[in-house]
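File shown here: target14.cif, holding mmCIF, C-alpha atoms.
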```
data_query
loop_
_atom_site.label_atom_id
_atom_site.label_comp_id
_atom_site.auth_asym_id
_atom_site.auth_seq_id
_atom_site.Cartn_x
_atom_site.Cartn_y
_atom_site.Cartn_z
CA MET N 874 -15.49 77.91 15.61
CA ARG N 875 -12.81 75.30 15.87
CA THR N 876 -15.11 72.69 17.39
CA LYS N 877 -17.67 72.99 14.69
CA ARG N 878 -15.03 72.76 11.98
CA SER N 879 -13.50 69.66 13.45
CA LEU N 880 -16.92 68.10 13.78
CA GLN N 881 -17.59 68.93 10.19
CA ALA N 882 -14.33 67.38 9.15
CA ALA N 883 -15.04 64.28 11.09
CA ALA N 884 -18.45 64.02 9.51
CA LEU N 885 -16.97 64.37 6.06
CA ILE N 886 -14.46 61.64 6.72
CA ALA N 887 -17.09 59.32 8.05
CA ALA N 888 -19.21 59.90 5.01
CA ALA N 889 -16.34 59.23 2.68
CA VAL N 890 -15.43 56.03 4.43
CA LEU N 891 -19.02 54.87 4.44
CA LEU N 892 -19.37 55.53 0.75
CA GLY N 893 -16.16 53.75 0.07
CA LEU N 894 -17.30 50.59 1.84
CA LEU N 895 -20.69 50.55 0.16
CA THR N 896 -19.29 50.75 -3.32
CA VAL N 897 -17.05 47.70 -2.90
CA GLN N 898 -19.07 45.05 -4.77
CA GLY N 899 -16.58 42.21 -5.27
CA THR N 900 -15.60 39.39 -2.89
CA TYR N 901 -12.29 39.25 -1.25
CA ALA N 902 -10.23 36.27 -2.33
CA LEU N 903 -8.31 34.01 0.03
CA TRP N 904 -5.64 31.67 -1.24
CA SER N 905 -6.54 28.53 -3.15
CA ALA N 906 -4.70 25.87 -5.12
CA SER N 907 -5.68 22.84 -7.15
CA ALA N 908 -4.23 19.56 -8.39
CA SER N 909 -5.53 16.69 -10.44
CA ALA N 910 -5.05 12.96 -10.66
CA ALA N 911 -5.46 10.78 -13.75
CA PRO N 912 -6.46 7.29 -12.68
CA GLY N 913 -6.52 6.16 -16.33
CA THR N 914 -8.93 3.86 -18.14
CA VAL N 915 -10.26 0.58 -16.80
CA ALA N 916 -11.13 -1.90 -19.54
CA SER N 917 -13.16 -5.07 -19.28
CA ALA N 918 -11.93 -8.44 -20.53
CA SER N 919 -13.23 -10.48 -23.38
CA PHE N 920 -15.12 -13.68 -22.61
CA ASP N 921 -13.45 -15.85 -25.23
CA VAL N 922 -13.89 -19.60 -25.18
CA ALA N 923 -12.11 -21.45 -27.96
CA LEU N 924 -13.57 -24.68 -29.31
CA SER N 925 -11.67 -27.31 -31.26
CA ALA N 926 -13.42 -30.37 -32.64
CA ALA N 927 -12.05 -33.86 -33.13
CA PRO N 928 -11.92 -35.51 -35.58
CA SER N 929 -13.13 -32.67 -37.85
CA GLY N 930 -10.40 -30.28 -36.72
CA GLN N 931 -12.75 -27.29 -36.92
CA VAL N 932 -11.91 -24.47 -34.54
CA THR N 933 -14.04 -21.51 -33.54
CA ASN N 934 -14.75 -19.11 -30.74
CA MET N 935 -17.82 -20.04 -28.76
CA THR N 936 -19.20 -16.58 -29.55
CA LEU N 937 -18.67 -15.11 -32.99
CA ALA N 938 -17.60 -11.53 -33.62
CA ASN N 939 -21.20 -10.54 -34.28
CA GLY N 940 -22.25 -11.86 -30.85
CA GLN N 941 -23.94 -14.97 -32.22
CA SER N 942 -23.22 -18.44 -30.86
CA ALA N 943 -21.01 -20.57 -33.08
CA ASN N 944 -21.82 -24.04 -34.42
CA LEU N 945 -19.10 -26.62 -34.25
CA ALA N 946 -19.25 -29.75 -36.41
CA ILE N 947 -17.69 -32.88 -34.97
CA ASN N 948 -18.34 -35.27 -37.90
CA PRO N 949 -17.19 -38.68 -36.72
CA ALA N 950 -15.32 -40.46 -39.50
CA ALA N 951 -16.84 -43.92 -39.21
CA THR N 952 -20.41 -45.01 -39.95
CA LEU N 953 -22.70 -46.77 -37.50
CA SER N 954 -23.62 -50.44 -37.61
CA PRO N 955 -26.07 -51.96 -35.14
CA GLY N 956 -24.32 -52.38 -31.81
CA THR N 957 -21.39 -50.13 -32.75
CA SER N 958 -20.43 -46.61 -31.72
CA VAL N 959 -18.67 -43.66 -33.19
CA TYR N 960 -16.74 -41.09 -31.21
CA GLY N 961 -15.90 -37.41 -31.31
CA GLY N 962 -14.75 -34.75 -28.97
CA VAL N 963 -14.55 -31.04 -28.33
CA ALA N 964 -11.68 -29.34 -26.59
CA VAL N 965 -12.81 -26.19 -24.80
CA THR N 966 -10.19 -23.53 -23.86
CA ASN N 967 -10.66 -20.56 -21.53
CA ASN N 968 -9.12 -17.94 -23.77
CA THR N 969 -9.89 -14.83 -21.77
CA ASN N 970 -7.57 -11.80 -21.56
CA ALA N 971 -8.70 -11.08 -18.02
CA GLY N 972 -6.11 -9.47 -15.75
CA GLY N 973 -7.08 -11.34 -12.62
CA THR N 974 -8.69 -14.67 -11.80
CA PHE N 975 -11.22 -15.87 -14.32
CA ASN N 976 -12.30 -19.48 -13.80
CA THR N 977 -15.04 -20.95 -15.91
CA THR N 978 -17.06 -24.12 -15.97
CA VAL N 979 -18.38 -25.62 -19.20
CA THR N 980 -21.60 -27.59 -19.47
CA ALA N 981 -22.63 -29.89 -22.30
CA GLY N 982 -26.41 -30.00 -22.47
CA GLN N 983 -28.65 -32.85 -23.53
CA PRO N 984 -28.36 -33.85 -27.18
CA VAL N 985 -31.12 -33.31 -29.68
CA MET N 986 -31.30 -35.76 -32.58
CA THR N 987 -33.05 -35.01 -35.83
CA ASN N 988 -33.45 -37.31 -38.75
CA VAL N 989 -32.01 -36.23 -42.04
CA SER N 990 -34.39 -36.45 -45.02
CA GLY N 991 -37.30 -37.86 -43.10
CA GLY N 992 -35.68 -41.09 -41.94
CA SER N 993 -36.23 -42.94 -38.69
CA LEU N 994 -32.69 -43.54 -37.53
CA ALA N 995 -32.80 -41.12 -34.58
CA GLN N 996 -34.89 -43.37 -32.31
CA TYR N 997 -32.21 -46.06 -32.50
CA VAL N 998 -29.27 -43.81 -31.70
CA THR N 999 -28.17 -42.98 -28.18
CA VAL N 1000 -25.63 -40.35 -27.30
CA SER N 1001 -23.42 -40.52 -24.23
CA ALA N 1002 -20.74 -38.20 -23.02
CA LYS N 1003 -17.84 -38.00 -20.65
CA ALA N 1004 -15.35 -35.40 -19.52
CA ALA N 1005 -11.71 -35.99 -20.36
CA ALA N 1006 -8.34 -34.33 -20.22
CA THR N 1007 -7.40 -34.94 -23.87
CA ALA N 1008 -9.29 -35.73 -27.09
CA ALA N 1009 -7.33 -38.96 -27.39
CA GLU N 1010 -9.37 -40.38 -24.53
CA CYS N 1011 -12.56 -40.09 -26.56
CA SER N 1012 -12.06 -43.33 -28.46
CA ALA N 1013 -11.65 -45.28 -25.23
CA THR N 1014 -14.99 -46.83 -24.44
CA GLY N 1015 -14.97 -46.51 -20.67
CA SER N 1016 -16.86 -43.99 -18.53
CA TYR N 1017 -19.46 -42.86 -21.06
CA ALA N 1018 -22.88 -42.07 -19.60
CA PRO N 1019 -26.12 -40.50 -20.88
CA VAL N 1020 -26.36 -36.75 -20.42
CA GLY N 1021 -28.91 -35.91 -17.73
CA SER N 1022 -31.16 -32.88 -17.66
CA ALA N 1023 -28.60 -30.88 -15.75
CA GLY N 1024 -26.03 -31.58 -18.46
CA LEU N 1025 -22.44 -32.74 -18.12
CA VAL N 1026 -20.49 -30.14 -16.12
CA SER N 1027 -16.74 -29.85 -16.45
CA GLN N 1028 -14.20 -29.20 -13.75
CA PRO N 1029 -13.26 -25.51 -13.33
CA VAL N 1030 -11.19 -24.26 -16.23
CA ALA N 1031 -8.70 -21.56 -15.28
CA LYS N 1032 -7.42 -18.77 -17.51
CA GLY N 1033 -5.62 -20.45 -20.40
CA GLY N 1034 -6.77 -23.90 -19.33
CA SER N 1035 -8.72 -26.51 -21.30
CA THR N 1036 -11.19 -29.29 -20.80
CA VAL N 1037 -12.47 -31.94 -23.22
CA PHE N 1038 -15.95 -33.32 -23.78
CA CYS N 1039 -16.11 -36.71 -25.47
CA PHE N 1040 -19.24 -37.95 -27.23
CA GLN N 1041 -20.23 -41.44 -28.15
CA ALA N 1042 -23.07 -42.11 -30.60
CA SER N 1043 -24.25 -45.72 -30.52
CA LEU N 1044 -26.65 -47.55 -32.80
CA SER N 1045 -28.96 -49.94 -31.02
CA PRO N 1046 -28.33 -53.63 -31.85
CA ALA N 1047 -32.08 -53.80 -32.57
CA ALA N 1048 -31.93 -51.22 -35.35
CA PRO N 1049 -33.84 -52.60 -38.37
CA THR N 1050 -32.35 -52.82 -41.82
CA THR N 1051 -34.75 -50.11 -42.95
CA VAL N 1052 -32.51 -47.49 -41.42
CA LYS N 1053 -29.57 -48.53 -43.55
CA GLY N 1054 -28.05 -45.53 -45.27
CA GLN N 1055 -29.95 -42.98 -43.17
CA ALA N 1056 -28.34 -40.12 -41.35
CA VAL N 1057 -29.08 -38.21 -38.16
CA ASN N 1058 -27.99 -34.79 -36.95
CA ILE N 1059 -27.07 -34.61 -33.32
CA THR N 1060 -26.72 -31.20 -31.68
CA LEU N 1061 -25.66 -30.42 -28.15
CA PRO N 1062 -25.49 -26.98 -26.52
CA LEU N 1063 -22.22 -26.03 -24.87
CA THR N 1064 -22.35 -23.30 -22.25
CA ALA N 1065 -19.45 -21.64 -20.49
CA ARG N 1066 -20.04 -19.79 -17.21
CA GLN N 1067 -17.69 -17.68 -15.11
CA LEU N 1068 -17.21 -19.03 -11.62
CA CYS N 1069 -17.55 -16.58 -8.76
CA GLY N 1070 -14.14 -15.14 -7.88
CA VAL N 1071 -15.30 -12.98 -4.99
CA PRO N 1072 -14.09 -14.32 -1.62
CA GLY N 1073 -17.32 -13.34 0.12
CA GLY N 1074 -19.52 -14.85 -2.58
CA CYS N 1075 -21.31 -13.41 -5.57
CA MET A 596 24.10 108.90 40.36
CA ARG A 597 23.09 105.40 40.90
CA ASN A 598 19.82 105.79 39.28
CA SER A 599 21.26 106.87 36.04
CA THR A 600 23.74 103.95 36.11
CA LEU A 601 20.96 101.67 36.78
CA ILE A 602 18.95 103.21 34.16
CA LYS A 603 21.85 103.08 31.76
CA GLY A 604 22.60 99.54 32.63
CA THR A 605 19.06 98.51 32.16
CA ALA A 606 18.87 100.40 28.96
CA ALA A 607 21.98 98.69 27.78
CA ILE A 608 20.60 95.28 28.68
CA ALA A 609 17.32 96.13 27.10
CA VAL A 610 19.06 97.27 24.02
CA GLY A 611 21.25 94.23 24.04
CA ALA A 612 18.25 92.00 24.41
CA ALA A 613 16.48 93.96 21.70
CA LEU A 614 19.54 93.51 19.51
CA LEU A 615 19.48 89.79 20.23
CA LEU A 616 15.81 89.65 19.41
CA GLY A 617 16.30 91.54 16.24
CA GLY A 618 19.23 89.37 15.21
CA GLY A 619 19.19 86.87 12.39
CA GLY A 620 19.90 83.68 14.56
CA THR A 621 17.50 80.67 15.19
CA LEU A 622 16.08 79.45 18.47
CA ALA A 623 16.66 75.71 19.23
CA ASN A 624 14.14 73.81 21.38
CA TRP A 625 14.97 70.42 22.69
CA ASN A 626 14.74 67.55 20.22
CA ALA A 627 15.74 63.99 20.20
CA SER A 628 15.47 61.09 17.65
CA ALA A 629 15.31 57.34 17.65
CA THR A 630 14.78 54.52 15.02
CA ALA A 631 12.43 51.58 15.10
CA THR A 632 13.13 48.23 13.39
CA PRO A 633 9.77 46.57 12.63
CA GLY A 634 11.54 43.55 11.21
CA THR A 635 10.67 41.42 8.15
CA ILE A 636 7.20 40.12 7.38
CA VAL A 637 7.21 36.74 5.66
CA ALA A 638 4.22 35.34 3.81
CA GLY A 639 3.04 31.81 4.43
CA ASP A 640 2.11 29.33 1.73
CA LEU A 641 -0.77 27.21 0.50
CA ASN A 642 -0.39 24.50 -2.11
CA VAL A 643 -1.62 21.07 -3.10
CA GLU A 644 0.39 18.94 -5.47
CA ASN A 645 0.21 15.57 -7.10
CA THR A 646 3.86 14.56 -6.84
CA THR A 647 3.74 10.76 -7.08
CA ALA A 648 1.79 8.53 -9.47
CA GLY A 649 -1.37 6.93 -8.13
CA VAL A 650 -1.51 3.16 -7.62
CA TRP A 651 -4.16 0.63 -8.63
CA LYS A 652 -4.62 -2.54 -6.57
CA ASP A 653 -6.92 -5.52 -6.96
CA ARG A 654 -9.20 -7.15 -4.43
CA ASN A 655 -6.28 -9.09 -2.96
CA ASN A 656 -4.33 -5.86 -2.46
CA ALA A 657 -1.90 -6.87 -5.21
CA THR A 658 -0.56 -3.94 -7.20
CA ILE A 659 -1.64 -3.69 -10.82
CA ASN A 660 1.43 -2.50 -12.67
CA ASN A 661 -0.33 -1.17 -15.72
CA ILE A 662 -4.04 -0.45 -15.57
CA ALA A 663 -4.03 0.10 -19.34
CA THR A 664 -3.35 -3.59 -19.96
CA TYR A 665 -5.34 -5.06 -17.05
CA ARG A 666 -8.76 -6.41 -18.02
CA VAL A 667 -11.56 -6.58 -15.46
CA VAL A 668 -14.21 -9.28 -15.23
CA PRO A 669 -17.43 -9.37 -13.23
CA GLY A 670 -16.51 -9.56 -9.56
CA ASP A 671 -13.31 -7.50 -9.94
CA LYS A 672 -12.94 -4.68 -7.43
CA LEU A 673 -10.04 -2.32 -8.03
CA THR A 674 -8.86 0.45 -5.74
CA PHE A 675 -6.95 3.56 -6.83
CA THR A 676 -5.00 5.58 -4.27
CA GLN A 677 -3.38 8.94 -4.93
CA ASP A 678 -1.26 10.83 -2.43
CA LEU A 679 -1.53 14.62 -2.48
CA ALA A 680 1.18 16.78 -0.91
CA VAL A 681 -0.43 19.65 0.99
CA THR A 682 1.60 22.69 2.06
CA LEU A 683 0.05 25.02 4.61
CA LYS A 684 2.09 27.73 6.30
CA GLY A 685 0.85 30.74 8.16
CA ASP A 686 -0.04 31.54 11.73
CA LYS A 687 -3.72 32.01 10.89
CA MET A 688 -3.69 29.52 8.00
CA ALA A 689 -6.55 27.11 7.64
CA ALA A 690 -7.79 25.48 4.44
CA GLU A 691 -10.37 22.99 3.25
CA ILE A 692 -9.43 20.21 0.88
CA ASP A 693 -12.09 18.85 -1.41
CA THR A 694 -12.53 16.99 -4.68
CA THR A 695 -14.37 18.08 -7.78
CA GLY A 696 -15.40 14.45 -8.30
CA ILE A 697 -15.21 12.09 -11.28
CA SER A 698 -16.36 13.01 -14.80
CA GLU A 699 -15.98 9.70 -16.53
CA THR A 700 -16.35 8.54 -20.11
CA SER A 701 -17.84 5.07 -19.79
CA GLY A 702 -19.03 2.36 -22.15
CA PHE A 703 -20.22 0.14 -19.30
CA THR A 704 -23.86 -0.29 -18.41
CA ALA A 705 -24.33 1.92 -15.37
CA THR A 706 -25.98 -0.82 -13.33
CA ASN A 707 -23.05 -3.19 -13.90
CA VAL A 708 -20.41 -1.02 -12.25
CA SER A 709 -20.10 0.69 -8.90
CA VAL A 710 -17.59 3.54 -8.67
CA SER A 711 -17.06 5.53 -5.49
CA GLU A 712 -16.43 9.25 -5.32
CA PRO A 713 -12.87 10.04 -4.23
CA GLU A 714 -12.58 9.65 -0.47
CA LEU A 715 -10.03 11.86 1.27
CA THR A 716 -8.10 10.58 4.28
CA VAL A 717 -5.14 11.67 6.37
CA GLY A 718 -3.27 8.85 8.05
CA GLY A 719 -6.06 6.44 7.23
CA VAL A 720 -8.73 8.57 8.90
CA ASP A 721 -11.34 10.62 7.03
CA VAL A 722 -10.04 14.12 6.56
CA LEU A 723 -11.43 16.65 9.03
CA ASN A 724 -11.61 20.07 7.41
CA PRO A 725 -10.21 22.63 7.85
CA LEU A 726 -6.59 21.55 7.73
CA VAL A 727 -4.21 23.80 9.64
CA ALA A 728 -0.61 24.80 9.11
CA SER A 729 2.26 22.40 9.65
CA ALA A 730 6.01 22.67 9.41
CA GLY A 731 6.39 20.18 6.57
CA THR A 732 3.99 18.94 3.91
CA GLN A 733 0.92 16.99 4.92
CA THR A 734 -0.19 13.94 2.93
CA VAL A 735 -3.84 13.65 2.00
CA THR A 736 -4.75 10.38 0.31
CA ALA A 737 -7.54 10.16 -2.25
CA THR A 738 -9.08 6.71 -2.75
CA ILE A 739 -11.41 5.58 -5.55
CA THR A 740 -12.89 2.10 -5.87
CA PHE A 741 -14.13 0.59 -9.13
CA GLU A 742 -16.25 -2.56 -8.96
CA PHE A 743 -17.44 -4.55 -11.97
CA LEU A 744 -20.46 -6.12 -10.31
CA SER A 745 -20.72 -9.90 -10.18
CA THR A 746 -24.41 -9.55 -11.04
CA THR A 747 -23.34 -8.84 -14.64
CA GLY A 748 -24.79 -11.65 -16.74
CA ASN A 749 -24.54 -13.11 -20.24
CA ARG A 750 -21.59 -11.45 -21.98
CA ASP A 751 -22.67 -7.96 -20.98
CA ASP A 752 -20.04 -5.24 -21.01
CA ALA A 753 -17.23 -7.44 -22.34
CA ASN A 754 -14.58 -5.31 -24.09
CA LYS A 755 -15.80 -2.01 -22.64
CA THR A 756 -13.82 0.89 -21.16
CA TYR A 757 -14.28 3.29 -18.27
CA ASN A 758 -12.08 6.38 -18.61
CA PHE A 759 -11.73 8.33 -15.37
CA ASN A 760 -10.29 11.40 -17.16
CA ASN A 761 -8.85 13.98 -14.74
CA VAL A 762 -10.03 14.00 -11.15
CA GLY A 763 -9.60 17.44 -9.57
CA PHE A 764 -8.74 18.38 -5.99
CA THR A 765 -8.95 21.86 -4.49
CA LEU A 766 -7.37 23.40 -1.41
CA THR A 767 -9.11 26.62 -0.36
CA GLN A 768 -8.11 28.90 2.47
CA VAL A 769 -10.90 29.60 4.92
CA THR A 770 -11.20 32.66 7.09
CA GLN A 771 -10.18 32.38 10.70
CA SER A 772 -10.70 34.59 13.75
CA GLY A 773 -8.32 37.50 13.37
CA LEU A 774 -8.62 37.69 9.60
CA SER A 775 -10.93 40.13 7.91
#
```
Could you render the structure from this file as structure tokens?
Amino acid sequence: MRTKRSLQAAALIAAAVLLGLLTVQGTYALWSASASAAPGTVASASFDVALSAAPSGQVTNMTLANGQSANLAINPAATLSPGTSVYGGVAVTNNTNAGGTFNTTVTAGQPVMTNVSGGSLAQYVTVSAKAAATAAECSATGSYAPVGSAGLVSQPVAKGGSTVFCFQASLSPAAPTTVKGQAVNITLPLTARQLCGVPGGC
Amino acid sequence: MRNSTLIKGTAAIAVGAALLLGGGGTLANWNASATATPGTIVAGDLNVENTTAGVWKDRNNATINNIATYRVVPGDKLTFTQDLAVTLKGDKMAAEIDTTGISETSGFTATNVSVSEPELTVGGVDVLNPLVASAGTQTVTATITFEFLSTTGNRDDANKTYNFNNVGFTLTQVTQSGLS
């Protein structure tokens, strides 16, 4: 009968369609696109502080290539007599390769004096310091003062800028003749610190 | 006699009709024709392109001309912005823009830097996905900030590099009502 045949046909078609849908395993893909940006490489600066001593003329970076702190010898030319002083200085330069602002402040800490070869000279020697603009000012006697526990702090030193610390070593007028010919080593720590460049504070 | 004429006539017609029926000619039923012009279907478009170089700026919003020669110090905060040209055409077009994020190569100590994931904005406002079609290109801006933290002490992380490598962005069509 026609009705039965058409029903059969419809059933067959439905089955085929159903099968067809079930066997589709993959996902359908909508459009997509992509792009990329290359912001590049950000590199940090060096923290290079150059030191130059007067009168010795020695120059060094505050930090050596191996990360160790450098030692800078000042070596005043003259010798001390009771009541006299010798002078030396260190010029400190902010040698950074920073791209933006990089201000530093340099602090000279309290001196430590040690006698050479077991002498007793150290107790008769006093060390004073002052900040200056040039090493030439170091031999001028004015403005020297003992270094307090907080150290002697320089003015801010901008990128490429310099500051000078002058040192005066004086032998007490009361030094006995027994210290004649003795020597003393005087060491001072120098520390450079970056100043906060963030407007809102660091 | 009339009857025989009638009969003859009828016979003749019948024969004639029979002859017509038996003839080799075709029968023509009514027919007519027309044409339809469905027109032209045009596909839309979807694309995202990096067409202009990104720009680095410092904390004071000054442009850094060459990031390769700029050296950061603790306290530096740099911002990178990249415009992306987005093309979306289609009456049922909608797409989501996203970033695959940053896969950096860094020599910095992780706690001394703060780097944001790329933020996507349109006209200065956070992007609201999905984007829809527009006549011209739309501009989506990706922004990344790099901060060398001021809490970095000693000489930590001097002479180090942070390579951003490639930062990817994807634009993916999303299904809308009326699409299967």
Closest atom pairs, residues of chain N within 9 Å of chain A, only C-alpha atoms, as a tab-separated table:
```
residue	atom	partner	partner_atom	distance
N:Leu903	CA	A:Gln768	CA	5.7
N:Trp904	CA	A:Gln768	CA	5.2
N:Ser905	CA	A:Thr767	CA	4.2
N:Ala906	CA	A:Leu766	CA	5.2
N:Ser907	CA	A:Thr765	CA	4.3
N:Ala908	CA	A:Phe764	CA	5.2
N:Ser909	CA	A:Gly763	CA	4.2
N:Ala910	CA	A:Val762	CA	5.1
N:Ala911	CA	A:Asn761	CA	4.8
N:Pro912	CA	A:Phe759	CA	6.0
N:Gly913	CA	A:Phe759	CA	5.7
N:Thr914	CA	A:Asn758	CA	4.1
N:Val915	CA	A:Tyr757	CA	5.1
N:Ala916	CA	A:Thr756	CA	4.2
N:Ser917	CA	A:Val667	CA	4.4
N:Ala918	CA	A:Arg666	CA	4.5
N:Ser919	CA	A:Ala753	CA	5.1
N:Phe920	CA	A:Ala753	CA	6.6
N:Gly940	CA	A:Arg750	CA	8.9
N:Asn970	CA	A:Arg666	CA	6.6
N:Ala971	CA	A:Arg666	CA	4.7
N:Gly972	CA	A:Arg666	CA	4.6
N:Gly973	CA	A:Val667	CA	7.1
N:Thr974	CA	A:Val668	CA	8.4
N:Phe975	CA	A:Val668	CA	7.3
N:Arg1066	CA	A:Asn749	CA	8.6
N:Gln1067	CA	A:Pro669	CA	8.5
N:Cys1069	CA	A:Gly670	CA	7.1
N:Gly1070	CA	A:Gly670	CA	6.3
N:Val1071	CA	A:Gly670	CA	5.8
N:Cys1075	CA	A:Ser745	CA	5.8
```
Next item on the list: Just say which residues the PyMOL selection byres ((chain A and resi 726) around 6) picks in this file, as an NGL selection string.
Entry: :A and (689-690 or 724-725 or 727)
Note to self: I'd like to see the residues matched by the PyMOL selection byres ((chain N and resi 1008) around 9) on this file, and ideally I'd get them as a PyMOL selection string.
What the structure shows: chain N and resi 926-928+961-964+1005-1007+1009-1012+1037-1039
Next item on the list: Can you work out which one of N:Gln1028, N:Ser929, N:Ser1035, N:Gln983 has the shortest atom-to-atom distance to Leu945 (chain N), counting all atoms listed in the file?
Entry: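 Between N:Gln1028, N:Ser929, N:Ser1035, N:Gln983, the residue approaching Leu945 (chain N) most closely is N:Ser929.
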Next item on the list: Between CA of Leu1061 (chain N) and CA of Ser954 (chain N), measure the distance and give it in Å to one decimal.
Entry: 22.2 Å
Note to self: Can you tell me which residues surround Val979 (chain N) at a distance of at most 9 Å, considering all atoms listed in the file, apart from same-chain residues fewer than 5 positions away, and format the answer as number ranges by chain?
What the structure shows: N: 965, 1025-1030, 1036, 1063-1067
Next item on the list: Please tell me which residues are no farther than 6 Å from (-22.5, -32.4, -22.8) in the file, counting all atoms listed in the file, and write them as number ranges by chain.
Entry: N: 980-982, 1024-1025
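Distance check against Thr716 (chain A) using all atoms listed in the file: of A:Ala730, A:Ala638, A:Ala623, A:Val735, the minimum falls on A:Val735.
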Check: By how many Å are CA of Leu924 (chain N) and CA of Leu1044 (chain N) apart?
Finding: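 Between CA of Leu924 (chain N) and CA of Leu1044 (chain N) the gap is 26.6 Å.
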Notebook entry, point to check: CA of Ala1018 (chain N) and CA of Val1057 (chain N) are how many Å apart?
Noted result: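 Those two atoms sit 19.9 Å apart.
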Next item on the list: Starting from the shown file, work through the PyMOL selection byres ((chain N and resi 999) around 6) and note down what comes out as a list in words.
Entry: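 Selected by the PyMOL selection byres ((chain N and resi 999) around 6) in this file: Val998, Val1000, Ala1042 and Ser1043 of chain N.
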Next item on the list: For each of A:Thr674, A:Asn656, A:Leu774, A:Thr682, take the minimum atom-to-atom distance to Thr740 (chain A), counting only C-alpha atoms, then give the residue where this is smallest.
Entry: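 Nearest candidate to Thr740 (chain A) out of A:Thr674, A:Asn656, A:Leu774, A:Thr682: A:Thr674.
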Check: So which residues touch Gly718 (chain A) within 9 Å, counting all atoms listed in the file, skipping near sequence neighbours fewer than 2 positions away, as a ChimeraX atom specification?
Finding: /A:716,720-722,734-736
Item checked: Minimum-distance residue to Gly1033 (chain N), chosen among N:Asn939, N:Gly1021, N:Thr969, N:Ala902 (using only C-alpha atoms) ->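 Of the candidates, the smallest distance to Gly1033 (chain N) is held by N:Thr969.
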